[in-house]
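Structure file target-v3.cif (mmCIF, N, CA and C atoms) is printed below.
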data_entry
#
loop_
_atom_site.label_atom_id
_atom_site.label_comp_id
_atom_site.auth_asym_id
_atom_site.auth_seq_id
_atom_site.Cartn_x
_atom_site.Cartn_y
_atom_site.Cartn_z
N ALA A 1 -130.59 72.97 -80.82
CA ALA A 1 -131.30 71.76 -80.42
C ALA A 1 -130.64 70.55 -81.06
N GLY A 2 -130.55 69.45 -80.30
CA GLY A 2 -129.99 68.23 -80.83
C GLY A 2 -128.48 68.15 -80.77
N LEU A 3 -127.82 69.12 -80.13
CA LEU A 3 -126.37 69.14 -80.01
C LEU A 3 -125.98 68.88 -78.57
N SER A 4 -125.09 67.93 -78.36
CA SER A 4 -124.52 67.75 -77.03
C SER A 4 -123.11 67.20 -77.16
N PHE A 5 -122.29 67.50 -76.17
CA PHE A 5 -120.94 66.96 -76.06
C PHE A 5 -120.55 67.06 -74.59
N ARG A 6 -119.56 66.27 -74.21
CA ARG A 6 -119.10 66.28 -72.83
C ARG A 6 -117.72 66.91 -72.75
N LEU A 7 -117.60 67.86 -71.84
CA LEU A 7 -116.30 68.47 -71.54
C LEU A 7 -115.75 67.82 -70.28
N PRO A 8 -114.43 67.85 -70.09
CA PRO A 8 -113.86 67.34 -68.85
C PRO A 8 -114.46 68.07 -67.64
N GLN A 9 -114.50 67.40 -66.52
CA GLN A 9 -115.11 67.93 -65.30
C GLN A 9 -114.52 69.28 -64.88
N ASP A 10 -113.23 69.50 -65.12
CA ASP A 10 -112.58 70.73 -64.67
C ASP A 10 -112.66 71.87 -65.69
N VAL A 11 -113.45 71.70 -66.76
CA VAL A 11 -113.59 72.73 -67.79
C VAL A 11 -114.95 73.41 -67.62
N LEU A 12 -114.93 74.74 -67.59
CA LEU A 12 -116.16 75.51 -67.47
C LEU A 12 -116.99 75.40 -68.74
N ALA A 13 -118.30 75.52 -68.62
CA ALA A 13 -119.19 75.50 -69.78
C ALA A 13 -118.87 76.70 -70.69
N PRO A 14 -118.98 76.54 -72.00
CA PRO A 14 -118.74 77.66 -72.92
C PRO A 14 -119.72 78.81 -72.69
N ILE A 15 -119.21 80.04 -72.86
CA ILE A 15 -120.05 81.24 -72.77
C ILE A 15 -119.89 82.04 -74.05
N CYS A 16 -120.78 83.00 -74.28
CA CYS A 16 -120.77 83.81 -75.50
C CYS A 16 -119.44 84.53 -75.70
N ASP A 17 -118.94 84.47 -76.93
CA ASP A 17 -117.74 85.21 -77.34
C ASP A 17 -118.21 86.48 -78.05
N GLY A 18 -118.31 87.57 -77.34
CA GLY A 18 -118.69 88.83 -77.98
C GLY A 18 -120.17 89.14 -77.87
N ALA A 19 -120.52 90.34 -78.30
CA ALA A 19 -121.87 90.87 -78.15
C ALA A 19 -122.93 90.10 -78.94
N ASN A 20 -122.59 89.64 -80.15
CA ASN A 20 -123.60 88.95 -80.97
C ASN A 20 -123.66 87.45 -80.71
N CYS A 21 -122.77 86.95 -79.87
CA CYS A 21 -122.75 85.53 -79.48
C CYS A 21 -122.72 84.59 -80.69
N SER A 22 -121.91 84.93 -81.70
CA SER A 22 -121.81 84.07 -82.88
C SER A 22 -121.11 82.75 -82.54
N SER A 23 -120.35 82.74 -81.45
CA SER A 23 -119.72 81.51 -80.98
C SER A 23 -119.71 81.52 -79.46
N GLN A 24 -119.48 80.33 -78.89
CA GLN A 24 -119.34 80.20 -77.45
C GLN A 24 -118.01 79.53 -77.18
N GLY A 25 -117.34 79.93 -76.12
CA GLY A 25 -116.03 79.36 -75.86
C GLY A 25 -115.71 79.21 -74.39
N THR A 26 -114.65 78.42 -74.15
CA THR A 26 -114.12 78.19 -72.82
C THR A 26 -112.64 77.83 -72.99
N TYR A 27 -111.94 77.60 -71.89
CA TYR A 27 -110.53 77.22 -71.97
C TYR A 27 -110.35 75.77 -71.55
N LEU A 28 -109.52 75.04 -72.30
CA LEU A 28 -109.18 73.67 -71.96
C LEU A 28 -108.00 73.70 -70.97
N PRO A 29 -107.75 72.60 -70.25
CA PRO A 29 -106.72 72.59 -69.20
C PRO A 29 -105.32 72.99 -69.65
N GLY A 30 -104.97 72.71 -70.91
CA GLY A 30 -103.64 73.07 -71.40
C GLY A 30 -103.50 74.53 -71.79
N GLY A 31 -104.59 75.30 -71.73
CA GLY A 31 -104.53 76.73 -72.02
C GLY A 31 -105.06 77.15 -73.37
N THR A 32 -105.52 76.21 -74.21
CA THR A 32 -106.09 76.60 -75.50
C THR A 32 -107.55 76.98 -75.32
N ARG A 33 -108.06 77.77 -76.24
CA ARG A 33 -109.45 78.21 -76.23
C ARG A 33 -110.26 77.24 -77.08
N PHE A 34 -111.34 76.72 -76.53
CA PHE A 34 -112.25 75.79 -77.20
C PHE A 34 -113.51 76.57 -77.57
N THR A 35 -113.91 76.53 -78.85
CA THR A 35 -115.10 77.27 -79.26
C THR A 35 -116.03 76.41 -80.11
N VAL A 36 -117.30 76.75 -80.05
CA VAL A 36 -118.36 76.08 -80.80
C VAL A 36 -119.22 77.16 -81.44
N ALA A 37 -119.54 77.01 -82.73
CA ALA A 37 -120.34 78.03 -83.42
C ALA A 37 -121.22 77.40 -84.50
N PRO A 38 -122.52 77.68 -84.45
CA PRO A 38 -123.39 77.27 -85.56
C PRO A 38 -123.12 78.18 -86.76
N ARG A 39 -123.24 77.65 -87.96
CA ARG A 39 -122.95 78.42 -89.17
C ARG A 39 -124.05 78.17 -90.20
N GLY A 40 -124.43 79.21 -90.91
CA GLY A 40 -125.42 79.09 -91.98
C GLY A 40 -126.82 79.41 -91.50
N GLY A 41 -127.78 79.28 -92.41
CA GLY A 41 -129.16 79.60 -92.06
C GLY A 41 -129.29 81.01 -91.53
N SER A 42 -129.92 81.19 -90.39
CA SER A 42 -130.10 82.51 -89.79
C SER A 42 -128.99 82.86 -88.79
N GLU A 43 -127.93 82.06 -88.76
CA GLU A 43 -126.83 82.29 -87.81
C GLU A 43 -125.93 83.44 -88.28
N ALA A 44 -125.17 84.00 -87.34
CA ALA A 44 -124.29 85.14 -87.63
C ALA A 44 -123.15 84.77 -88.59
N LEU A 45 -122.66 83.53 -88.51
CA LEU A 45 -121.56 83.10 -89.37
C LEU A 45 -122.09 82.32 -90.57
N LYS A 46 -121.44 82.52 -91.73
CA LYS A 46 -121.84 81.83 -92.96
C LYS A 46 -121.48 80.35 -92.87
N ASP A 47 -122.26 79.53 -93.60
CA ASP A 47 -121.94 78.12 -93.74
C ASP A 47 -120.60 78.02 -94.48
N PHE A 48 -119.83 76.99 -94.17
CA PHE A 48 -118.50 76.85 -94.77
C PHE A 48 -118.53 76.21 -96.14
N ARG A 49 -119.60 75.51 -96.49
CA ARG A 49 -119.63 74.75 -97.74
C ARG A 49 -119.49 75.67 -98.95
N GLY A 50 -118.62 75.26 -99.87
CA GLY A 50 -118.39 76.04 -101.08
C GLY A 50 -117.37 77.14 -100.90
N ALA A 51 -116.75 77.22 -99.71
CA ALA A 51 -115.77 78.28 -99.44
C ALA A 51 -114.47 77.66 -98.97
N VAL A 52 -113.39 78.39 -99.13
CA VAL A 52 -112.10 78.00 -98.58
C VAL A 52 -112.13 78.38 -97.10
N VAL A 53 -111.66 77.50 -96.23
CA VAL A 53 -111.65 77.77 -94.78
C VAL A 53 -110.46 78.67 -94.48
N THR A 54 -110.77 79.87 -93.98
CA THR A 54 -109.74 80.87 -93.67
C THR A 54 -110.01 81.50 -92.31
N ASP A 55 -109.00 82.21 -91.80
CA ASP A 55 -109.24 83.04 -90.63
C ASP A 55 -109.89 84.33 -91.14
N ILE A 56 -110.19 85.26 -90.25
CA ILE A 56 -110.89 86.49 -90.64
C ILE A 56 -110.06 87.34 -91.61
N GLY A 57 -108.73 87.16 -91.58
CA GLY A 57 -107.85 87.90 -92.47
C GLY A 57 -107.62 87.24 -93.82
N GLY A 58 -108.24 86.07 -94.05
CA GLY A 58 -108.10 85.39 -95.34
C GLY A 58 -106.98 84.38 -95.41
N ARG A 59 -106.29 84.11 -94.29
CA ARG A 59 -105.22 83.11 -94.29
C ARG A 59 -105.85 81.72 -94.34
N GLU A 60 -105.42 80.89 -95.28
CA GLU A 60 -106.02 79.58 -95.50
C GLU A 60 -105.50 78.53 -94.53
N PHE A 61 -106.42 77.70 -94.06
CA PHE A 61 -106.09 76.54 -93.24
C PHE A 61 -105.87 75.34 -94.15
N THR A 62 -105.12 74.37 -93.69
CA THR A 62 -105.00 73.08 -94.35
C THR A 62 -106.27 72.30 -94.00
N THR A 63 -106.90 71.69 -94.99
CA THR A 63 -108.17 70.99 -94.75
C THR A 63 -108.09 69.53 -95.22
N THR A 64 -108.87 68.68 -94.53
CA THR A 64 -108.96 67.27 -94.84
C THR A 64 -110.40 66.81 -94.62
N PRO A 65 -111.02 66.14 -95.61
CA PRO A 65 -112.36 65.61 -95.39
C PRO A 65 -112.34 64.54 -94.30
N THR A 66 -113.40 64.49 -93.50
CA THR A 66 -113.49 63.52 -92.41
C THR A 66 -114.96 63.29 -92.07
N THR A 67 -115.21 62.50 -91.06
CA THR A 67 -116.56 62.26 -90.55
C THR A 67 -116.53 62.48 -89.04
N VAL A 68 -117.52 63.22 -88.53
CA VAL A 68 -117.63 63.47 -87.09
C VAL A 68 -119.08 63.21 -86.70
N ALA A 69 -119.28 62.39 -85.68
CA ALA A 69 -120.62 62.05 -85.19
C ALA A 69 -121.51 61.53 -86.33
N GLY A 70 -120.90 60.81 -87.25
CA GLY A 70 -121.66 60.24 -88.36
C GLY A 70 -122.01 61.22 -89.46
N LYS A 71 -121.50 62.44 -89.38
CA LYS A 71 -121.80 63.48 -90.37
C LYS A 71 -120.55 63.82 -91.17
N THR A 72 -120.76 64.23 -92.42
CA THR A 72 -119.67 64.69 -93.26
C THR A 72 -119.08 65.94 -92.64
N ALA A 73 -117.75 66.01 -92.61
CA ALA A 73 -117.08 67.15 -91.98
C ALA A 73 -115.79 67.47 -92.72
N LEU A 74 -115.24 68.62 -92.38
CA LEU A 74 -113.96 69.07 -92.93
C LEU A 74 -113.09 69.46 -91.74
N GLU A 75 -111.97 68.74 -91.57
CA GLU A 75 -111.03 69.10 -90.52
C GLU A 75 -110.13 70.19 -91.06
N PHE A 76 -109.80 71.18 -90.23
CA PHE A 76 -108.90 72.24 -90.65
C PHE A 76 -107.86 72.49 -89.57
N SER A 77 -106.67 72.94 -90.00
CA SER A 77 -105.61 73.25 -89.05
C SER A 77 -104.70 74.30 -89.64
N GLY A 78 -104.08 75.04 -88.75
CA GLY A 78 -103.14 76.06 -89.18
C GLY A 78 -102.16 76.41 -88.09
N LEU A 79 -100.93 76.62 -88.48
CA LEU A 79 -99.87 77.03 -87.57
C LEU A 79 -99.35 78.37 -88.09
N PHE A 80 -100.11 79.42 -87.83
CA PHE A 80 -99.79 80.78 -88.27
C PHE A 80 -100.49 81.75 -87.33
N THR A 81 -100.06 82.99 -87.34
CA THR A 81 -100.74 84.00 -86.53
C THR A 81 -101.94 84.50 -87.32
N GLY A 82 -103.11 84.33 -86.74
CA GLY A 82 -104.35 84.71 -87.40
C GLY A 82 -105.34 85.28 -86.40
N THR A 83 -106.56 85.53 -86.87
CA THR A 83 -107.61 86.09 -86.03
C THR A 83 -108.92 85.36 -86.30
N THR A 84 -109.62 85.02 -85.23
CA THR A 84 -110.91 84.35 -85.36
C THR A 84 -111.99 85.38 -85.71
N ALA A 85 -113.16 84.89 -86.12
CA ALA A 85 -114.29 85.78 -86.40
C ALA A 85 -114.70 86.54 -85.16
N GLY A 86 -114.43 85.97 -83.98
CA GLY A 86 -114.76 86.63 -82.72
C GLY A 86 -113.71 87.63 -82.26
N GLY A 87 -112.62 87.76 -83.03
CA GLY A 87 -111.60 88.76 -82.71
C GLY A 87 -110.42 88.25 -81.90
N TYR A 88 -110.37 86.95 -81.61
CA TYR A 88 -109.23 86.40 -80.88
C TYR A 88 -108.05 86.22 -81.82
N SER A 89 -106.88 86.67 -81.41
CA SER A 89 -105.66 86.44 -82.16
C SER A 89 -105.10 85.09 -81.70
N PHE A 90 -104.64 84.27 -82.65
CA PHE A 90 -104.14 82.94 -82.32
C PHE A 90 -102.86 82.64 -83.08
N THR A 91 -102.12 81.63 -82.59
CA THR A 91 -100.89 81.19 -83.26
C THR A 91 -100.99 79.77 -83.79
N GLN A 92 -101.98 79.01 -83.34
CA GLN A 92 -102.20 77.65 -83.83
C GLN A 92 -103.67 77.31 -83.61
N MET A 93 -104.27 76.61 -84.58
CA MET A 93 -105.67 76.23 -84.46
C MET A 93 -105.91 74.90 -85.16
N ARG A 94 -106.86 74.14 -84.61
CA ARG A 94 -107.35 72.92 -85.26
C ARG A 94 -108.83 72.81 -84.95
N GLY A 95 -109.60 72.41 -85.95
CA GLY A 95 -111.02 72.28 -85.73
C GLY A 95 -111.69 71.46 -86.80
N VAL A 96 -113.03 71.40 -86.70
CA VAL A 96 -113.84 70.70 -87.69
C VAL A 96 -115.05 71.55 -88.03
N MET A 97 -115.44 71.49 -89.28
CA MET A 97 -116.69 72.06 -89.78
C MET A 97 -117.56 70.86 -90.12
N ILE A 98 -118.71 70.74 -89.46
CA ILE A 98 -119.55 69.56 -89.59
C ILE A 98 -120.86 69.94 -90.28
N GLU A 99 -121.25 69.19 -91.31
CA GLU A 99 -122.51 69.42 -91.99
C GLU A 99 -123.64 68.86 -91.14
N VAL A 100 -124.52 69.73 -90.63
CA VAL A 100 -125.64 69.29 -89.80
C VAL A 100 -126.82 68.91 -90.68
N ASP A 101 -127.21 69.81 -91.58
CA ASP A 101 -128.26 69.53 -92.56
C ASP A 101 -127.98 70.38 -93.79
N SER A 102 -128.95 70.55 -94.67
CA SER A 102 -128.69 71.22 -95.95
C SER A 102 -128.36 72.71 -95.82
N THR A 103 -128.68 73.35 -94.71
CA THR A 103 -128.40 74.78 -94.56
C THR A 103 -127.58 75.14 -93.33
N LEU A 104 -127.38 74.18 -92.43
CA LEU A 104 -126.71 74.47 -91.16
C LEU A 104 -125.47 73.61 -90.98
N SER A 105 -124.42 74.22 -90.49
CA SER A 105 -123.21 73.47 -90.15
C SER A 105 -122.76 73.92 -88.76
N LEU A 106 -121.80 73.20 -88.22
CA LEU A 106 -121.30 73.48 -86.88
C LEU A 106 -119.79 73.50 -86.93
N GLU A 107 -119.20 74.54 -86.37
CA GLU A 107 -117.74 74.63 -86.25
C GLU A 107 -117.36 74.40 -84.80
N ILE A 108 -116.42 73.49 -84.59
CA ILE A 108 -115.85 73.25 -83.26
C ILE A 108 -114.34 73.32 -83.44
N ASN A 109 -113.66 74.12 -82.62
CA ASN A 109 -112.22 74.24 -82.76
C ASN A 109 -111.56 74.50 -81.41
N HIS A 110 -110.24 74.46 -81.42
CA HIS A 110 -109.47 74.96 -80.28
C HIS A 110 -108.22 75.62 -80.84
N PHE A 111 -107.76 76.63 -80.12
CA PHE A 111 -106.61 77.39 -80.62
C PHE A 111 -105.80 77.94 -79.46
N THR A 112 -104.53 78.24 -79.77
CA THR A 112 -103.64 78.88 -78.80
C THR A 112 -103.74 80.39 -78.99
N PRO A 113 -104.29 81.11 -78.01
CA PRO A 113 -104.35 82.57 -78.13
C PRO A 113 -102.93 83.15 -78.20
N THR A 114 -102.76 84.18 -79.00
CA THR A 114 -101.46 84.85 -79.12
C THR A 114 -101.01 85.33 -77.75
N GLY A 115 -99.73 85.09 -77.44
CA GLY A 115 -99.17 85.53 -76.17
C GLY A 115 -99.37 84.57 -75.02
N VAL A 116 -100.06 83.46 -75.27
CA VAL A 116 -100.32 82.46 -74.23
C VAL A 116 -99.41 81.26 -74.46
N SER A 117 -98.80 80.77 -73.40
CA SER A 117 -97.99 79.56 -73.49
C SER A 117 -98.90 78.39 -73.14
N ALA A 118 -99.40 77.71 -74.17
CA ALA A 118 -100.35 76.61 -73.99
C ALA A 118 -99.74 75.29 -74.40
N ASP A 119 -100.27 74.22 -73.85
CA ASP A 119 -99.86 72.87 -74.24
C ASP A 119 -100.85 72.40 -75.31
N PHE A 120 -100.59 72.80 -76.56
CA PHE A 120 -101.50 72.51 -77.66
C PHE A 120 -101.66 71.00 -77.86
N ALA A 121 -100.57 70.24 -77.77
CA ALA A 121 -100.63 68.80 -78.00
C ALA A 121 -101.53 68.12 -76.96
N TYR A 122 -101.42 68.53 -75.71
CA TYR A 122 -102.26 67.96 -74.65
C TYR A 122 -103.74 68.25 -74.94
N ASP A 123 -104.03 69.51 -75.21
CA ASP A 123 -105.42 69.91 -75.48
C ASP A 123 -105.92 69.32 -76.79
N ASP A 124 -105.03 69.08 -77.75
CA ASP A 124 -105.45 68.49 -79.02
C ASP A 124 -105.95 67.07 -78.81
N ALA A 125 -105.27 66.31 -77.97
CA ALA A 125 -105.73 64.95 -77.64
C ALA A 125 -107.08 65.02 -76.92
N LEU A 126 -107.24 65.99 -76.04
CA LEU A 126 -108.49 66.19 -75.32
C LEU A 126 -109.60 66.61 -76.29
N PHE A 127 -109.26 67.45 -77.26
CA PHE A 127 -110.20 67.88 -78.30
C PHE A 127 -110.77 66.65 -79.04
N ASP A 128 -109.90 65.70 -79.38
CA ASP A 128 -110.36 64.48 -80.05
C ASP A 128 -111.33 63.70 -79.15
N GLU A 129 -111.05 63.66 -77.86
CA GLU A 129 -111.94 62.96 -76.92
C GLU A 129 -113.30 63.66 -76.83
N ILE A 130 -113.30 64.98 -76.83
CA ILE A 130 -114.56 65.75 -76.81
C ILE A 130 -115.37 65.45 -78.07
N LEU A 131 -114.70 65.43 -79.23
CA LEU A 131 -115.40 65.15 -80.49
C LEU A 131 -116.06 63.77 -80.47
N LYS A 132 -115.44 62.80 -79.79
CA LYS A 132 -116.01 61.46 -79.71
C LYS A 132 -117.32 61.44 -78.94
N THR A 133 -117.56 62.46 -78.09
CA THR A 133 -118.79 62.50 -77.29
C THR A 133 -119.90 63.29 -77.98
N LEU A 134 -119.59 63.88 -79.12
CA LEU A 134 -120.55 64.74 -79.82
C LEU A 134 -121.76 63.96 -80.33
N VAL A 135 -122.94 64.46 -80.01
CA VAL A 135 -124.20 63.95 -80.55
C VAL A 135 -124.82 65.11 -81.30
N LEU A 136 -125.15 64.88 -82.56
CA LEU A 136 -125.62 65.93 -83.42
C LEU A 136 -126.82 65.45 -84.22
N ALA A 137 -128.01 65.84 -83.81
CA ALA A 137 -129.22 65.46 -84.51
C ALA A 137 -129.60 66.55 -85.51
N SER A 138 -129.92 66.19 -86.70
CA SER A 138 -130.29 67.15 -87.73
C SER A 138 -131.66 67.75 -87.44
N ALA A 139 -131.81 69.00 -87.76
CA ALA A 139 -133.10 69.68 -87.60
C ALA A 139 -134.09 69.18 -88.65
N GLN A 140 -133.61 68.55 -89.71
CA GLN A 140 -134.47 68.11 -90.81
C GLN A 140 -134.52 66.58 -90.86
N GLN A 141 -134.91 65.94 -89.76
CA GLN A 141 -134.98 64.47 -89.75
C GLN A 141 -136.40 64.03 -89.87
#
How does the structure come out when it is put into structure tokens?
Amino acid sequence: AGLSFRLPQDVLAPICDGANCSSQGTYLPGGTRFTVAPRGGSEALKDFRGAVVTDIGGREFTTTPTTVAGKTALEFSGLFTGTTAGGYSFTQMRGVMIEVDSTLSLEINHFTPTGVSADFAYDDALFDEILKTLVLASAQQ
């Protein structure tokens, strides 16, 4: 509740990634996978605060503090072969972890799936445009 963003007209709405639906994803026009996942509280994925941002195998991403939709966030990126919590193998990823309230955060990212020839730079610019449309209301307002 309280989360909205706009995807380009030619992009399908995100659907569940896996049986437990810990994240939802779709593909951007350049071929990268775009995913959104709530973290913390009663969600399947842990909140990122107090932890190093890594892929499922423990490979560390480069991180930078930022602000998204008026909320404190941590931008992360990596150019390595890794695996997402949903089991997708990737070769490049960029995303943000956004603090929603004291127990809940939101991860939004896009990545190049292993074996896919994607235009990461094109989708990365589109990713920034999607983030600009993000509206995120705290559950504890």
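Backbone DSSP assigns alpha helix (DSSP H) in chain A to Phe120, Ala121, Tyr122, Asp123, Asp124, Ala125, Leu126, Phe127, Asp128, Glu129, Ile130, Leu131 and Lys132 of chain A.
Close contacts of Thr103 in chain A, defined as residues with an atom at most 7 Å away when counting all atoms listed in the file, with chain neighbours fewer than 5 positions off set aside, comprise Arg39, Gly40, Gly41 and Asp47 of chain A.
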Could you please take those selected residues and save N, CA and C atoms as a PDB file, in the frame of the given file?
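Full text of selection25.pdb as output:
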ATOM      1  N   ARG A  39    -123.240  77.650 -87.960  1.00  0.00           N
ATOM      2  CA  ARG A  39    -122.950  78.420 -89.170  1.00  0.00           C
ATOM      3  C   ARG A  39    -124.050  78.170 -90.200  1.00  0.00           C
ATOM      4  N   GLY A  40    -124.430  79.210 -90.910  1.00  0.00           N
ATOM      5  CA  GLY A  40    -125.420  79.090 -91.980  1.00  0.00           C
ATOM      6  C   GLY A  40    -126.820  79.410 -91.500  1.00  0.00           C
ATOM      7  N   GLY A  41    -127.780  79.280 -92.410  1.00  0.00           N
ATOM      8  CA  GLY A  41    -129.160  79.600 -92.060  1.00  0.00           C
ATOM      9  C   GLY A  41    -129.290  81.010 -91.530  1.00  0.00           C
ATOM     10  N   ASP A  47    -122.260  79.530 -93.600  1.00  0.00           N
ATOM     11  CA  ASP A  47    -121.940  78.120 -93.740  1.00  0.00           C
ATOM     12  C   ASP A  47    -120.600  78.020 -94.480  1.00  0.00           C
TER      13      ASP A  47
END
Exactly which residues make up the result of the PyMOL selection byres (((chain A and resi 15-32 and name CA) around 12) and name CA) on this file, given as number ranges by chain? A: 7-14, 33-40, 42-46, 84-94, 106-127, 130
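The result of the PyMOL selection byres ((chain A and resi 69) around 8) on the shown file is Thr66, Thr67, Val68, Gly70, Lys71, Thr72, Ala73, Leu131, Lys132, Thr133, Leu134, Val135 and Leu136 of chain A.
Considering only C-alpha atoms, the residue among A:Phe5, A:Ser77, A:Val100, A:Glu129 positioned nearest to Arg59 in chain A is A:Ser77.
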Would you return as a PyMOL selection string the members of chain A that DSSP assigns to strand (DSSP E) on this structure's backbone? chain A and resi 3-4+15-16+24-27+33-40+62-68+71-78+82-83+89-99+104-113+135-136
Please tell me which residues are no farther than 7 Å from (-130.3, 69.6, -80.2) in the file, counting all atoms listed in the file, and write them as a list of chain:residue names. A:Ala1, A:Gly2, A:Leu3, A:Ser4, A:Leu136, A:Ala137
